[in-house]
Structures are given as C-alpha cells and as structure tokens.
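Colleague: Okay, so here is structure31.txt, and as you'll see once you scroll down, it has compact mmCIF, N, CA and C atoms.
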```txt
# COMPACT_ATOMS: atom_id res chain seq x y z
N MET M 1 -28.20 -210.68 15.71
CA MET M 1 -28.37 -209.25 15.61
C MET M 1 -28.77 -208.92 14.18
N SER M 2 -29.74 -208.03 14.03
CA SER M 2 -30.24 -207.67 12.70
C SER M 2 -29.41 -206.53 12.11
N LEU M 3 -29.36 -206.49 10.79
CA LEU M 3 -28.66 -205.40 10.12
C LEU M 3 -29.56 -204.17 10.11
N ALA M 4 -28.97 -203.03 10.41
CA ALA M 4 -29.75 -201.80 10.50
C ALA M 4 -29.27 -200.79 9.48
N GLU M 5 -30.17 -199.92 9.08
CA GLU M 5 -29.85 -198.84 8.15
C GLU M 5 -29.43 -197.58 8.89
N ALA M 6 -29.77 -197.49 10.17
CA ALA M 6 -29.47 -196.28 10.94
C ALA M 6 -29.19 -196.65 12.39
N MET M 7 -28.62 -195.71 13.10
CA MET M 7 -28.40 -195.88 14.53
C MET M 7 -28.97 -194.66 15.25
N GLN M 8 -29.41 -194.87 16.47
CA GLN M 8 -29.96 -193.79 17.28
C GLN M 8 -28.83 -193.17 18.08
N VAL M 9 -28.61 -191.87 17.87
CA VAL M 9 -27.51 -191.18 18.55
C VAL M 9 -28.08 -190.15 19.51
N THR M 10 -27.54 -190.14 20.71
CA THR M 10 -27.87 -189.13 21.71
C THR M 10 -26.57 -188.46 22.14
N LEU M 11 -26.52 -187.15 21.98
CA LEU M 11 -25.36 -186.35 22.35
C LEU M 11 -25.76 -185.50 23.55
N ARG M 12 -25.15 -185.81 24.70
CA ARG M 12 -25.56 -185.16 25.95
C ARG M 12 -24.47 -184.27 26.52
N LEU M 13 -24.91 -183.12 27.02
CA LEU M 13 -24.08 -182.23 27.82
C LEU M 13 -24.46 -182.47 29.28
N PRO M 14 -23.71 -181.94 30.23
CA PRO M 14 -24.09 -182.15 31.64
C PRO M 14 -25.49 -181.63 31.99
N THR M 15 -25.95 -180.60 31.28
CA THR M 15 -27.22 -179.98 31.66
C THR M 15 -28.36 -180.20 30.66
N ARG M 16 -28.06 -180.71 29.47
CA ARG M 16 -29.13 -180.87 28.47
C ARG M 16 -28.68 -181.80 27.36
N THR M 17 -29.63 -182.17 26.49
CA THR M 17 -29.33 -182.99 25.33
C THR M 17 -29.10 -182.06 24.14
N LEU M 18 -27.95 -182.19 23.50
CA LEU M 18 -27.59 -181.34 22.37
C LEU M 18 -28.15 -181.89 21.06
N PHE M 19 -28.22 -183.22 20.94
CA PHE M 19 -28.76 -183.86 19.73
C PHE M 19 -29.33 -185.21 20.09
N GLU M 20 -30.45 -185.54 19.45
CA GLU M 20 -31.02 -186.86 19.59
C GLU M 20 -31.71 -187.18 18.28
N GLY M 21 -31.30 -188.28 17.63
CA GLY M 21 -31.93 -188.63 16.38
C GLY M 21 -31.28 -189.82 15.70
N SER M 22 -31.81 -190.11 14.53
CA SER M 22 -31.35 -191.25 13.74
C SER M 22 -30.28 -190.78 12.75
N VAL M 23 -29.16 -191.48 12.71
CA VAL M 23 -28.08 -191.14 11.78
C VAL M 23 -27.59 -192.40 11.05
N GLN M 24 -27.05 -192.16 9.88
CA GLN M 24 -26.54 -193.27 9.08
C GLN M 24 -25.03 -193.45 9.26
N ARG M 25 -24.32 -192.32 9.51
CA ARG M 25 -22.87 -192.36 9.70
C ARG M 25 -22.48 -191.40 10.80
N LEU M 26 -21.36 -191.73 11.45
CA LEU M 26 -20.82 -190.90 12.51
C LEU M 26 -19.31 -190.82 12.31
N PHE M 27 -18.74 -189.63 12.50
CA PHE M 27 -17.30 -189.45 12.42
C PHE M 27 -16.87 -188.72 13.67
N ALA M 28 -15.91 -189.27 14.40
CA ALA M 28 -15.45 -188.68 15.66
C ALA M 28 -13.95 -188.90 15.81
N THR M 29 -13.37 -188.31 16.86
CA THR M 29 -11.94 -188.46 17.12
C THR M 29 -11.73 -188.92 18.56
N ALA M 30 -11.03 -190.04 18.70
CA ALA M 30 -10.69 -190.59 20.01
C ALA M 30 -9.22 -190.29 20.31
N GLN M 31 -8.77 -190.75 21.46
CA GLN M 31 -7.39 -190.51 21.86
C GLN M 31 -6.39 -191.16 20.91
N ASN M 32 -6.79 -192.25 20.26
CA ASN M 32 -5.87 -192.94 19.35
C ASN M 32 -6.13 -192.60 17.88
N GLY M 33 -6.93 -191.58 17.60
CA GLY M 33 -7.14 -191.13 16.23
C GLY M 33 -8.61 -191.03 15.83
N ALA M 34 -8.83 -190.56 14.60
CA ALA M 34 -10.19 -190.39 14.09
C ALA M 34 -10.76 -191.72 13.64
N PHE M 35 -12.09 -191.83 13.70
CA PHE M 35 -12.75 -193.05 13.26
C PHE M 35 -14.14 -192.73 12.73
N GLY M 36 -14.63 -193.63 11.91
CA GLY M 36 -15.98 -193.54 11.40
C GLY M 36 -16.77 -194.72 11.90
N MET M 37 -18.10 -194.57 11.92
CA MET M 37 -18.95 -195.64 12.44
C MET M 37 -20.22 -195.71 11.60
N LEU M 38 -20.60 -196.92 11.26
CA LEU M 38 -21.85 -197.20 10.56
C LEU M 38 -22.77 -197.96 11.52
N PRO M 39 -24.06 -198.09 11.20
CA PRO M 39 -25.00 -198.70 12.13
C PRO M 39 -24.63 -200.10 12.63
N ASN M 40 -23.98 -200.91 11.82
CA ASN M 40 -23.68 -202.27 12.23
C ASN M 40 -22.26 -202.45 12.76
N HIS M 41 -21.64 -201.36 13.14
CA HIS M 41 -20.31 -201.37 13.74
C HIS M 41 -20.37 -202.16 15.04
N THR M 42 -19.27 -202.77 15.42
CA THR M 42 -19.20 -203.53 16.66
C THR M 42 -19.43 -202.61 17.87
N ASP M 43 -19.93 -203.16 18.94
CA ASP M 43 -20.14 -202.40 20.16
C ASP M 43 -18.80 -202.04 20.78
N PHE M 44 -18.70 -200.83 21.30
CA PHE M 44 -17.48 -200.44 22.01
C PHE M 44 -17.66 -199.14 22.76
N VAL M 45 -16.65 -198.81 23.56
CA VAL M 45 -16.60 -197.57 24.33
C VAL M 45 -15.26 -196.92 24.07
N THR M 46 -15.25 -195.60 23.90
CA THR M 46 -13.99 -194.89 23.71
C THR M 46 -14.08 -193.49 24.30
N ALA M 47 -12.93 -192.95 24.68
CA ALA M 47 -12.84 -191.57 25.16
C ALA M 47 -12.65 -190.66 23.95
N LEU M 48 -13.40 -189.57 23.91
CA LEU M 48 -13.27 -188.60 22.83
C LEU M 48 -12.38 -187.45 23.26
N VAL M 49 -11.68 -186.88 22.30
CA VAL M 49 -10.84 -185.71 22.55
C VAL M 49 -11.52 -184.49 21.93
N PRO M 50 -11.13 -183.28 22.33
CA PRO M 50 -11.71 -182.09 21.70
C PRO M 50 -11.54 -182.15 20.19
N SER M 51 -12.64 -182.07 19.46
CA SER M 51 -12.61 -182.25 18.00
C SER M 51 -13.96 -181.91 17.40
N VAL M 52 -14.10 -182.23 16.12
CA VAL M 52 -15.36 -182.06 15.41
C VAL M 52 -16.03 -183.42 15.29
N LEU M 53 -17.29 -183.48 15.65
CA LEU M 53 -18.12 -184.68 15.51
C LEU M 53 -19.06 -184.42 14.35
N ILE M 54 -19.11 -185.35 13.40
CA ILE M 54 -19.98 -185.19 12.23
C ILE M 54 -20.98 -186.34 12.22
N LEU M 55 -22.27 -186.00 12.16
CA LEU M 55 -23.35 -186.97 12.08
C LEU M 55 -24.03 -186.81 10.74
N THR M 56 -24.20 -187.90 10.00
CA THR M 56 -24.82 -187.86 8.67
C THR M 56 -26.14 -188.62 8.72
N SER M 57 -27.22 -187.94 8.34
CA SER M 57 -28.55 -188.58 8.34
C SER M 57 -28.74 -189.39 7.08
N ALA M 58 -29.85 -190.13 7.01
CA ALA M 58 -30.14 -191.00 5.87
C ALA M 58 -30.25 -190.22 4.56
N ASP M 59 -30.69 -188.95 4.62
CA ASP M 59 -30.82 -188.16 3.39
C ASP M 59 -29.51 -187.45 3.00
N GLY M 60 -28.43 -187.72 3.76
CA GLY M 60 -27.13 -187.14 3.42
C GLY M 60 -26.83 -185.81 4.12
N THR M 61 -27.78 -185.30 4.88
CA THR M 61 -27.57 -184.05 5.62
C THR M 61 -26.55 -184.28 6.73
N GLU M 62 -25.58 -183.39 6.83
CA GLU M 62 -24.55 -183.51 7.86
C GLU M 62 -24.80 -182.49 8.97
N ALA M 63 -24.63 -182.94 10.21
CA ALA M 63 -24.69 -182.06 11.37
C ALA M 63 -23.29 -182.02 11.97
N PHE M 64 -22.80 -180.81 12.24
CA PHE M 64 -21.44 -180.60 12.75
C PHE M 64 -21.50 -180.12 14.20
N PHE M 65 -20.68 -180.76 15.04
CA PHE M 65 -20.63 -180.39 16.45
C PHE M 65 -19.18 -180.22 16.86
N GLY M 66 -18.90 -179.16 17.58
CA GLY M 66 -17.61 -179.00 18.23
C GLY M 66 -17.75 -179.59 19.61
N VAL M 67 -16.95 -180.60 19.94
CA VAL M 67 -17.08 -181.27 21.23
C VAL M 67 -15.79 -181.17 22.03
N ASP M 68 -15.98 -181.10 23.32
CA ASP M 68 -14.85 -181.14 24.24
C ASP M 68 -14.68 -182.60 24.65
N GLU M 69 -13.89 -182.85 25.64
CA GLU M 69 -13.65 -184.22 26.08
C GLU M 69 -14.96 -184.92 26.39
N GLY M 70 -14.98 -186.23 26.16
CA GLY M 70 -16.20 -186.98 26.44
C GLY M 70 -16.01 -188.47 26.27
N VAL M 71 -17.13 -189.18 26.33
CA VAL M 71 -17.14 -190.63 26.20
C VAL M 71 -18.22 -191.02 25.20
N LEU M 72 -17.86 -191.94 24.29
CA LEU M 72 -18.81 -192.48 23.32
C LEU M 72 -19.00 -193.96 23.64
N MET M 73 -20.28 -194.37 23.72
CA MET M 73 -20.58 -195.77 23.98
C MET M 73 -21.59 -196.24 22.95
N LYS M 74 -21.25 -197.33 22.24
CA LYS M 74 -22.16 -197.91 21.26
C LYS M 74 -22.56 -199.30 21.73
N LYS M 75 -23.87 -199.52 21.77
CA LYS M 75 -24.39 -200.84 22.13
C LYS M 75 -25.56 -201.11 21.20
N GLY M 76 -25.42 -202.13 20.38
CA GLY M 76 -26.46 -202.41 19.40
C GLY M 76 -26.53 -201.28 18.39
N HIS M 77 -27.71 -200.72 18.22
CA HIS M 77 -27.88 -199.60 17.28
C HIS M 77 -28.06 -198.28 18.02
N GLN M 78 -27.70 -198.26 19.30
CA GLN M 78 -27.80 -197.05 20.12
C GLN M 78 -26.40 -196.53 20.41
N VAL M 79 -26.18 -195.24 20.15
CA VAL M 79 -24.90 -194.60 20.45
C VAL M 79 -25.18 -193.47 21.43
N ASP M 80 -24.56 -193.53 22.59
CA ASP M 80 -24.67 -192.48 23.59
C ASP M 80 -23.33 -191.77 23.70
N ILE M 81 -23.37 -190.46 23.59
CA ILE M 81 -22.16 -189.65 23.68
C ILE M 81 -22.37 -188.62 24.79
N ALA M 82 -21.50 -188.64 25.79
CA ALA M 82 -21.55 -187.68 26.88
C ALA M 82 -20.31 -186.80 26.78
N ILE M 83 -20.53 -185.49 26.69
CA ILE M 83 -19.41 -184.56 26.55
C ILE M 83 -19.51 -183.46 27.60
N ARG M 84 -18.36 -182.90 27.94
CA ARG M 84 -18.32 -181.83 28.93
C ARG M 84 -18.89 -180.54 28.36
N ARG M 85 -18.45 -180.19 27.15
CA ARG M 85 -18.93 -178.99 26.46
C ARG M 85 -19.13 -179.32 25.00
N GLY M 86 -20.07 -178.64 24.36
CA GLY M 86 -20.29 -178.88 22.94
C GLY M 86 -21.20 -177.84 22.33
N VAL M 87 -21.02 -177.59 21.06
CA VAL M 87 -21.86 -176.65 20.32
C VAL M 87 -22.12 -177.21 18.93
N GLN M 88 -23.25 -176.81 18.35
CA GLN M 88 -23.57 -177.22 16.99
C GLN M 88 -23.34 -176.04 16.06
N GLY M 89 -22.79 -176.34 14.87
CA GLY M 89 -22.58 -175.32 13.86
C GLY M 89 -23.34 -175.68 12.60
N LYS M 90 -23.64 -174.67 11.78
CA LYS M 90 -24.35 -174.92 10.52
C LYS M 90 -23.46 -175.61 9.50
N ASP M 91 -22.18 -175.24 9.52
CA ASP M 91 -21.19 -175.86 8.63
C ASP M 91 -19.84 -175.76 9.33
N LEU M 92 -18.81 -176.30 8.69
CA LEU M 92 -17.49 -176.30 9.33
C LEU M 92 -16.95 -174.90 9.56
N GLU M 93 -17.21 -173.98 8.63
CA GLU M 93 -16.70 -172.62 8.79
C GLU M 93 -17.34 -171.92 9.98
N SER M 94 -18.66 -171.97 10.06
CA SER M 94 -19.35 -171.29 11.16
C SER M 94 -19.09 -172.00 12.49
N LEU M 95 -18.82 -173.29 12.45
CA LEU M 95 -18.56 -174.04 13.67
C LEU M 95 -17.35 -173.49 14.41
N ASN M 96 -16.30 -173.15 13.67
CA ASN M 96 -15.10 -172.60 14.29
C ASN M 96 -15.42 -171.32 15.06
N GLU M 97 -16.22 -170.44 14.46
CA GLU M 97 -16.59 -169.19 15.13
C GLU M 97 -17.46 -169.47 16.36
N THR M 98 -18.38 -170.42 16.23
CA THR M 98 -19.27 -170.77 17.33
C THR M 98 -18.47 -171.35 18.49
N ILE M 99 -17.51 -172.21 18.19
CA ILE M 99 -16.66 -172.81 19.23
C ILE M 99 -15.88 -171.72 19.95
N GLN M 100 -15.27 -170.84 19.18
CA GLN M 100 -14.48 -169.76 19.79
C GLN M 100 -15.34 -168.94 20.75
N ALA M 101 -16.53 -168.55 20.30
CA ALA M 101 -17.41 -167.72 21.13
C ALA M 101 -17.88 -168.48 22.37
N ALA M 102 -18.37 -169.68 22.20
CA ALA M 102 -18.94 -170.44 23.32
C ALA M 102 -17.88 -170.88 24.32
N PHE M 103 -16.78 -171.45 23.83
CA PHE M 103 -15.76 -171.99 24.74
C PHE M 103 -14.97 -170.88 25.42
N ILE M 104 -14.70 -169.79 24.73
CA ILE M 104 -13.97 -168.68 25.36
C ILE M 104 -14.81 -168.07 26.46
N GLU M 105 -16.13 -167.95 26.22
CA GLU M 105 -17.04 -167.41 27.24
C GLU M 105 -17.03 -168.32 28.47
N VAL M 106 -17.11 -169.62 28.27
CA VAL M 106 -17.09 -170.57 29.39
C VAL M 106 -15.74 -170.53 30.09
N ASP M 107 -14.65 -170.44 29.33
CA ASP M 107 -13.32 -170.36 29.95
C ASP M 107 -13.21 -169.14 30.85
N GLU M 108 -13.77 -168.01 30.43
CA GLU M 108 -13.74 -166.80 31.25
C GLU M 108 -14.56 -167.01 32.53
N GLU M 109 -15.72 -167.64 32.41
CA GLU M 109 -16.54 -167.92 33.59
C GLU M 109 -15.80 -168.86 34.54
N GLU M 110 -15.12 -169.88 34.00
CA GLU M 110 -14.35 -170.80 34.83
C GLU M 110 -13.20 -170.07 35.53
N ARG M 111 -12.55 -169.15 34.82
CA ARG M 111 -11.44 -168.40 35.41
C ARG M 111 -11.93 -167.57 36.59
N VAL M 112 -13.07 -166.90 36.43
CA VAL M 112 -13.64 -166.09 37.50
C VAL M 112 -14.02 -166.97 38.69
N ALA M 113 -14.64 -168.11 38.42
CA ALA M 113 -15.04 -169.02 39.50
C ALA M 113 -13.81 -169.57 40.23
N ARG M 114 -12.77 -169.94 39.50
CA ARG M 114 -11.56 -170.46 40.14
C ARG M 114 -10.87 -169.40 40.97
N SER M 115 -10.89 -168.16 40.50
CA SER M 115 -10.30 -167.06 41.25
C SER M 115 -11.04 -166.86 42.57
N ALA M 116 -12.37 -166.89 42.52
CA ALA M 116 -13.17 -166.74 43.74
C ALA M 116 -12.90 -167.90 44.70
N LEU M 117 -12.79 -169.10 44.18
CA LEU M 117 -12.52 -170.27 45.00
C LEU M 117 -11.14 -170.16 45.66
N SER M 118 -10.15 -169.67 44.92
CA SER M 118 -8.81 -169.50 45.48
C SER M 118 -8.82 -168.50 46.63
N ARG M 119 -9.56 -167.39 46.46
CA ARG M 119 -9.65 -166.40 47.54
C ARG M 119 -10.33 -167.00 48.77
N LEU M 120 -11.36 -167.79 48.55
CA LEU M 120 -12.07 -168.44 49.64
C LEU M 120 -11.14 -169.41 50.38
N GLU M 121 -10.38 -170.22 49.63
CA GLU M 121 -9.45 -171.16 50.24
C GLU M 121 -8.37 -170.42 51.03
N ALA M 122 -7.86 -169.32 50.48
CA ALA M 122 -6.83 -168.55 51.19
C ALA M 122 -7.38 -167.98 52.49
N GLY M 123 -8.63 -167.52 52.48
CA GLY M 123 -9.26 -167.01 53.70
C GLY M 123 -9.41 -168.08 54.76
N ILE M 124 -9.78 -169.27 54.34
CA ILE M 124 -9.93 -170.38 55.30
C ILE M 124 -8.58 -170.74 55.91
N VAL M 125 -7.53 -170.79 55.10
CA VAL M 125 -6.19 -171.10 55.60
C VAL M 125 -5.75 -170.05 56.61
N ARG M 126 -6.00 -168.76 56.30
CA ARG M 126 -5.63 -167.68 57.25
C ARG M 126 -6.39 -167.85 58.57
N ARG M 127 -7.66 -168.17 58.50
CA ARG M 127 -8.46 -168.34 59.73
C ARG M 127 -7.96 -169.51 60.56
N PHE M 128 -7.60 -170.60 59.91
CA PHE M 128 -7.03 -171.73 60.65
C PHE M 128 -5.71 -171.33 61.29
N GLY M 129 -4.92 -170.54 60.57
CA GLY M 129 -3.65 -170.06 61.13
C GLY M 129 -3.89 -169.20 62.36
N ASP M 130 -4.94 -168.36 62.32
CA ASP M 130 -5.26 -167.51 63.47
C ASP M 130 -5.71 -168.35 64.67
N LEU M 131 -6.40 -169.44 64.41
CA LEU M 131 -6.85 -170.31 65.51
C LEU M 131 -5.69 -170.98 66.22
N ARG M 132 -4.62 -171.24 65.51
CA ARG M 132 -3.48 -171.93 66.10
C ARG M 132 -2.58 -170.99 66.89
N LYS M 133 -2.70 -169.69 66.66
CA LYS M 133 -1.85 -168.74 67.39
C LYS M 133 -2.29 -168.64 68.85
N PRO M 134 -1.33 -168.67 69.78
CA PRO M 134 -1.72 -168.54 71.18
C PRO M 134 -2.17 -167.12 71.47
N SER M 135 -3.23 -166.98 72.25
CA SER M 135 -3.71 -165.65 72.58
C SER M 135 -2.90 -165.11 73.77
N VAL M 136 -2.61 -163.83 73.74
CA VAL M 136 -1.76 -163.19 74.74
C VAL M 136 -2.59 -162.48 75.77
```
Rewrite the coordinates I just gave you, this time as structure tokens.
Modeller:
Amino acid sequence: MSLAEAMQVTLRLPTRTLFEGSVQRLFATAQNGAFGMLPNHTDFVTALVPSVLILTSADGTEAFFGVDEGVLMKKGHQVDIAIRRGVQGKDLESLNETIQAAFIEVDEEERVARSALSRLEAGIVRRFGDLRKPSV
C-alpha cells in the first residue's frame, strides 16, 4: 500500500451527498469516543454518534458538519460516511444554530408523521374490531 497525502471522503445523507472531496485529516466521534484519522490510517468501520465531524483539507481549511447517527467506513484512501441527518456550518458557532434549525424542523415533521400514522393504526384496529363483532 502506498503512502498518501490525502483521502477521498464522501459524506452521504439518505437523499443526497452532503460532501465529497479530498481531505488531509478527519475528526469524528464514535460510540467509544472521539478519534482522528489521517490518510494512512488502518482500514476500519465504526458507528458514529450525534456529534461534530471536522474535515481538514490540504490547505488547512476546515469544514464543520453536524451529524446524526451513522456509519463510517475506511478502505484504503477512501472514506465513506453514511448518516441519517446532517448539516454543514461555516464555523462551530454557526453550526450550532444550523443544527438547531434543521434538526428541530425535521423533528417536528417526524412528530406530525408519527401522529398521522398512529391515527391510521388506531382506525385499522377499530375496523378489525368491528369485523369480529357478530351482526344482530
């Protein structure tokens, strides 16, 4: 295996790619704690927890992402990260505001969808109950 100066990182959401590019360093948080990764790091797979993901390019520019649960897989110089939800911020301060706005909005949409699903399930249960009643 050759020594590399950079690794190719792809950060994917269920519906789109949030980031794709060459980075020199990566900082993330797994279930057993935070870790850093350089291009020649050993191959591995880990589950990510909700946290801040920091990607540093060769020129020292840092990209900050708020990520929800996900999976990180490194093979060779390719790093694939699949996350449920994620947002990019300009810096750590603005990232917090962006996370609050994006995730709270999604949480509200999920709450509405779950409420509708619960009403639908209750209606189905009532209809099954009506089918079992003997007709007079």
Colleague: Is there a way to get, as JSON, numbers by chain, all residues within 5 Å of the point (-16.2, -182.3, 18.5) in file coordinates, counting all atoms listed in the file?
Modeller: {"M": [50, 51, 52, 53, 65, 66, 67, 68]}
Colleague: So which residues of stretch 40-121 of chain M fall under strand (DSSP E) by DSSP, listed as an MDAnalysis selection string?
Modeller: chainID M and resid 44:48 51:56 62:67 70:75 78:83 86:89
Colleague: Rounded to one decimal place, report the atom CA of M:Asp91-atom N of M:Thr61 distance in Å.
Modeller: 12.1 Å
Colleague: Quote the spacing between atom CA of M:Leu72 and atom CA of M:Leu48 in Å to one decimal place.
Modeller: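 Atom CA of M:Leu48 lies 6.8 Å from atom CA of M:Leu72.
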Colleague: Taking (-18.2, -190.8, 21.5) in the file's coordinates as the center, which residues reach within 7 Å of it, counting all atoms listed in the file, put as a PyMOL selection string?
Modeller: chain M and resi 28+46-48+70-73+80-82
Colleague: What does the distance from atom CA of M:Met7 to atom C of M:Glu97 come to in Å, to one decimal?
Modeller: 28.6 Å
Colleague: First collect every listed atom of stretch 117-122 of chain M; then fit an axis-aligned box around them, widen it by 4 Å on each side, and give centre and edge lengths in Å to one decimal, as AutoDock Vina command-line options.
Modeller:
```
--center_x -9.8 --center_y -168.8 --center_z 48.3 --size_x 14.0 --size_y 12.8 --size_z 16.3
```
Colleague: Using all atoms listed in the file, which of the listed residues (M:Arg132, M:Arg85, M:His77, M:Arg114) sits closest to M:Leu38?
Modeller: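 Comparing M:Arg132, M:Arg85, M:His77, M:Arg114 against M:Leu38, the winner is M:His77.
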Colleague: Compare M:Val23, M:Leu131, M:Ala34, M:Ala63 by their minimum atom-to-atom distance to M:Ala4, counting only C-alpha atoms, and give me the closest one.
Modeller: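 Smallest separation from M:Ala4 among the options: M:Val23.
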Colleague: If you run DSSP on the backbone, which residues of chain M are helix (DSSP H, G or I), as number ranges by chain?
Modeller: M: 92-132
Colleague: Which neighbours of M:Val49 fall inside 5 Å, counting only N, CA and C atoms, when residues of the same chain fewer than 3 positions from it are skipped, and could you give them as a PyMOL selection string?
Modeller: chain M and resi 29-31+68-69
Colleague: Hey, which of M:Glu5, M:Glu62, M:Asp43, M:Glu110 ends up closest to M:Lys75? Count all atoms listed in the file.
Modeller: M:Asp43
Colleague: Using all atoms listed in the file, can you tell me which of M:Val79, M:Val45, M:Leu55, M:Ala116 comes closest to M:Gln8?
Modeller: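 Among the listed residues, the smallest separation from M:Gln8 belongs to M:Val79.
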Colleague: Would you kindly return, as number ranges by chain, each protein, DNA or RNA residue with an atom no farther than 7 Å from any atom of M:Gly36, considering only N, CA and C atoms and excluding same-chain residues fewer than 4 positions away?
Modeller: M: 25-28
Colleague: Can you sort out stretch 8-25 of chain M so it carries N, CA, C and O atoms, written as a short mmCIF file (atom, residue, chain, number, x, y, z; two decimals), keeping the file's coordinate frame?
Modeller:
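Result saved to selection25.cif:
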```cif
data_model
loop_
_atom_site.label_atom_id
_atom_site.label_comp_id
_atom_site.auth_asym_id
_atom_site.auth_seq_id
_atom_site.Cartn_x
_atom_site.Cartn_y
_atom_site.Cartn_z
N GLN M 8 -29.41 -194.87 16.47
CA GLN M 8 -29.96 -193.79 17.28
C GLN M 8 -28.83 -193.17 18.08
O GLN M 8 -28.16 -193.85 18.85
N VAL M 9 -28.61 -191.87 17.87
CA VAL M 9 -27.51 -191.18 18.55
C VAL M 9 -28.08 -190.15 19.51
O VAL M 9 -28.99 -189.39 19.16
N THR M 10 -27.54 -190.14 20.71
CA THR M 10 -27.87 -189.13 21.71
C THR M 10 -26.57 -188.46 22.14
O THR M 10 -25.65 -189.14 22.58
N LEU M 11 -26.52 -187.15 21.98
CA LEU M 11 -25.36 -186.35 22.35
C LEU M 11 -25.76 -185.50 23.55
O LEU M 11 -26.61 -184.61 23.44
N ARG M 12 -25.15 -185.81 24.70
CA ARG M 12 -25.56 -185.16 25.95
C ARG M 12 -24.47 -184.27 26.52
O ARG M 12 -23.30 -184.65 26.56
N LEU M 13 -24.91 -183.12 27.02
CA LEU M 13 -24.08 -182.23 27.82
C LEU M 13 -24.46 -182.47 29.28
O LEU M 13 -25.47 -183.13 29.55
N PRO M 14 -23.71 -181.94 30.23
CA PRO M 14 -24.09 -182.15 31.64
C PRO M 14 -25.49 -181.63 31.99
O PRO M 14 -26.15 -182.18 32.86
N THR M 15 -25.95 -180.60 31.28
CA THR M 15 -27.22 -179.98 31.66
C THR M 15 -28.36 -180.20 30.66
O THR M 15 -29.51 -179.88 30.97
N ARG M 16 -28.06 -180.71 29.47
CA ARG M 16 -29.13 -180.87 28.47
C ARG M 16 -28.68 -181.80 27.36
O ARG M 16 -27.51 -182.16 27.25
N THR M 17 -29.63 -182.17 26.49
CA THR M 17 -29.33 -182.99 25.33
C THR M 17 -29.10 -182.06 24.14
O THR M 17 -29.95 -181.24 23.82
N LEU M 18 -27.95 -182.19 23.50
CA LEU M 18 -27.59 -181.34 22.37
C LEU M 18 -28.15 -181.89 21.06
O LEU M 18 -28.53 -181.15 20.16
N PHE M 19 -28.22 -183.22 20.94
CA PHE M 19 -28.76 -183.86 19.73
C PHE M 19 -29.33 -185.21 20.09
O PHE M 19 -28.77 -185.94 20.90
N GLU M 20 -30.45 -185.54 19.45
CA GLU M 20 -31.02 -186.86 19.59
C GLU M 20 -31.71 -187.18 18.28
O GLU M 20 -32.57 -186.43 17.82
N GLY M 21 -31.30 -188.28 17.63
CA GLY M 21 -31.93 -188.63 16.38
C GLY M 21 -31.28 -189.82 15.70
O GLY M 21 -30.34 -190.42 16.21
N SER M 22 -31.81 -190.11 14.53
CA SER M 22 -31.35 -191.25 13.74
C SER M 22 -30.28 -190.78 12.75
O SER M 22 -30.47 -189.79 12.06
N VAL M 23 -29.16 -191.48 12.71
CA VAL M 23 -28.08 -191.14 11.78
C VAL M 23 -27.59 -192.40 11.05
O VAL M 23 -27.72 -193.51 11.56
N GLN M 24 -27.05 -192.16 9.88
CA GLN M 24 -26.54 -193.27 9.08
C GLN M 24 -25.03 -193.45 9.26
O GLN M 24 -24.52 -194.56 9.18
N ARG M 25 -24.32 -192.32 9.51
CA ARG M 25 -22.87 -192.36 9.70
C ARG M 25 -22.48 -191.40 10.80
O ARG M 25 -23.12 -190.39 11.02
#
```
